[in-house]
Structure formats: structure tokens, C-alpha cells
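Undergrad: Here it is, the structure, as C-alpha cells.
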Amino acid sequence: MTYSGYSRKQPPPMDPPPQARVRTYWRGCVQLWQAHQPDANGRCAACGRQGACPTLTAVDALLADALGKATD
Ligand SMILES: [Zn+2]
């Protein structure tokens, strides 16, 4: 599951959307988000873990927080 609601079909925009409360780290998060997407075999393209890796999970939570979405 994702906290932010973003997915490969609906990826986060490189520039923070108007509703983002925190804008300073948005771009860095999106770059990490993109780098840590699973490949066609379901492995993280950056660290090789199967499925959603810890980095992707953490970055997703940061994006969700920036959007004011609850992460718990
Ligand atoms: Zn990764």
C-alpha cells in the first residue's frame, strides 16, 4: 500500500502540487521515489529488494505528510 496515493500509473509531479504544505524536500523525494520503483520483476531498481523497499516506503510517507495525509 502507499500512503501518498501515488503509483506508477499516477506518479508524483516533479514540482509540488498546490496543496503541498511542505515544499522544500518535494523534489528530492520525487527523485528518490522514481529511483526506487520496482522493475518488471518486482525488484527495486535502485537497491534490488523485492517489492516496495524501505526507501520507497519512507519517501512515500514523506510525500503523504507533505500533502497533509495521515500516515498511521
Ligand atoms: Zn530501493
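By order of appearance in the C-alpha cells: chains A, B, ..., then residues from 1 within every chain, and ligands from 1 in the order shown.
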Grab me every residue within 9 Å of ligand 1, counting only C-alpha atoms and all ligand atoms, and send it over as JSON, numbers by chain.
TA: {"A": [32, 33, 35, 36, 37, 38, 43, 44, 45, 46, 47, 48, 49, 50, 51, 52, 53, 54, 55, 56, 57]}
Undergrad: Could you write out the selected residues, including N, CA and C atoms, as a CSV table (one decimal), in the first residue's frame?
TA:
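Output file out15.csv is given in full below:
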```
chain,number,residue,atom,x,y,z
A,32,LEU,N,13.9,10.3,-5.4
A,32,LEU,CA,14.1,9.1,-4.8
A,32,LEU,C,13.0,8.1,-5.1
A,33,TRP,N,11.8,8.7,-5.1
A,33,TRP,CA,10.6,7.8,-5.4
A,33,TRP,C,10.8,7.2,-6.8
A,35,ALA,N,13.6,6.7,-8.4
A,35,ALA,CA,14.7,5.8,-8.5
A,35,ALA,C,14.4,4.4,-7.8
A,36,HIS,N,13.5,4.4,-6.9
A,36,HIS,CA,13.3,3.2,-6.1
A,36,HIS,C,12.0,2.5,-6.5
A,37,GLN,N,11.5,2.7,-7.7
A,37,GLN,CA,10.3,2.0,-8.2
A,37,GLN,C,10.8,0.6,-8.6
A,38,PRO,N,9.9,-0.4,-8.3
A,38,PRO,CA,10.2,-1.8,-8.7
A,38,PRO,C,10.2,-1.9,-10.2
A,43,ARG,N,11.5,-6.0,-8.5
A,43,ARG,CA,12.6,-5.6,-7.6
A,43,ARG,C,12.9,-4.2,-7.8
A,44,CYS,N,13.3,-3.6,-6.6
A,44,CYS,CA,13.6,-2.2,-6.6
A,44,CYS,C,14.8,-1.9,-7.6
A,45,ALA,N,14.6,-0.9,-8.5
A,45,ALA,CA,15.6,-0.6,-9.5
A,45,ALA,C,16.9,-0.1,-8.9
A,46,ALA,N,16.8,0.5,-7.7
A,46,ALA,CA,18.0,1.1,-7.0
A,46,ALA,C,18.7,0.2,-6.1
A,47,CYS,N,18.0,-0.5,-5.2
A,47,CYS,CA,18.6,-1.3,-4.2
A,47,CYS,C,18.4,-2.8,-4.4
A,48,GLY,N,17.5,-3.2,-5.3
A,48,GLY,CA,17.4,-4.6,-5.7
A,48,GLY,C,16.5,-5.4,-4.8
A,49,ARG,N,15.9,-4.8,-3.8
A,49,ARG,CA,15.0,-5.5,-2.9
A,49,ARG,C,13.7,-5.9,-3.6
A,50,GLN,N,13.1,-7.0,-3.2
A,50,GLN,CA,11.8,-7.4,-3.8
A,50,GLN,C,10.7,-6.6,-3.2
A,51,GLY,N,9.8,-6.1,-4.1
A,51,GLY,CA,8.7,-5.3,-3.6
A,51,GLY,C,9.1,-3.9,-3.2
A,52,ALA,N,8.2,-3.2,-2.5
A,52,ALA,CA,8.5,-1.8,-2.1
A,52,ALA,C,9.6,-1.8,-1.0
A,53,CYS,N,10.7,-1.2,-1.4
A,53,CYS,CA,11.9,-1.2,-0.5
A,53,CYS,C,11.6,-0.2,0.6
A,54,PRO,N,12.5,-0.2,1.7
A,54,PRO,CA,12.3,0.7,2.8
A,54,PRO,C,12.4,2.2,2.4
A,55,THR,N,13.3,2.4,1.4
A,55,THR,CA,13.5,3.8,0.9
A,55,THR,C,12.2,4.3,0.3
A,56,LEU,N,11.6,3.5,-0.6
A,56,LEU,CA,10.4,3.9,-1.2
A,56,LEU,C,9.3,4.1,-0.2
A,57,THR,N,9.2,3.2,0.7
A,57,THR,CA,8.2,3.3,1.8
A,57,THR,C,8.3,4.6,2.6
```
Undergrad: Which neighbours of Pro13 of chain A fall inside 9 Å, counting only C-alpha atoms, when residues of the same chain fewer than 4 positions from it are skipped, and could you give them as a list in words?
TA: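 Contacts, with the query itself left out: Pro17, Arg27 and Val30 of chain A.
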Undergrad: Provide the atom CA of Arg21 of chain A to atom CA of Leu63 of chain A distance in Å, to one decimal place.
TA: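 Interatomic distance here is 10.0 Å.
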Undergrad: Give the answer as one residue: which of A:Pro11, A:Tyr6, A:Asp39, A:Leu62 has the shortest atom-to-atom distance to Thr24 of chain A, using only C-alpha atoms?
TA: A:Leu62
Undergrad: Between atom CA of Ala66 of chain A and atom CA of Tyr3 of chain A, measure the distance and give it in Å to one decimal.
TA: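 Atom CA of Tyr3 of chain A lies 11.1 Å from atom CA of Ala66 of chain A.
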Undergrad: Could you pull out the alpha helix (DSSP H) residues of chain A from DSSP and send them as a count of residues only?
TA: 23
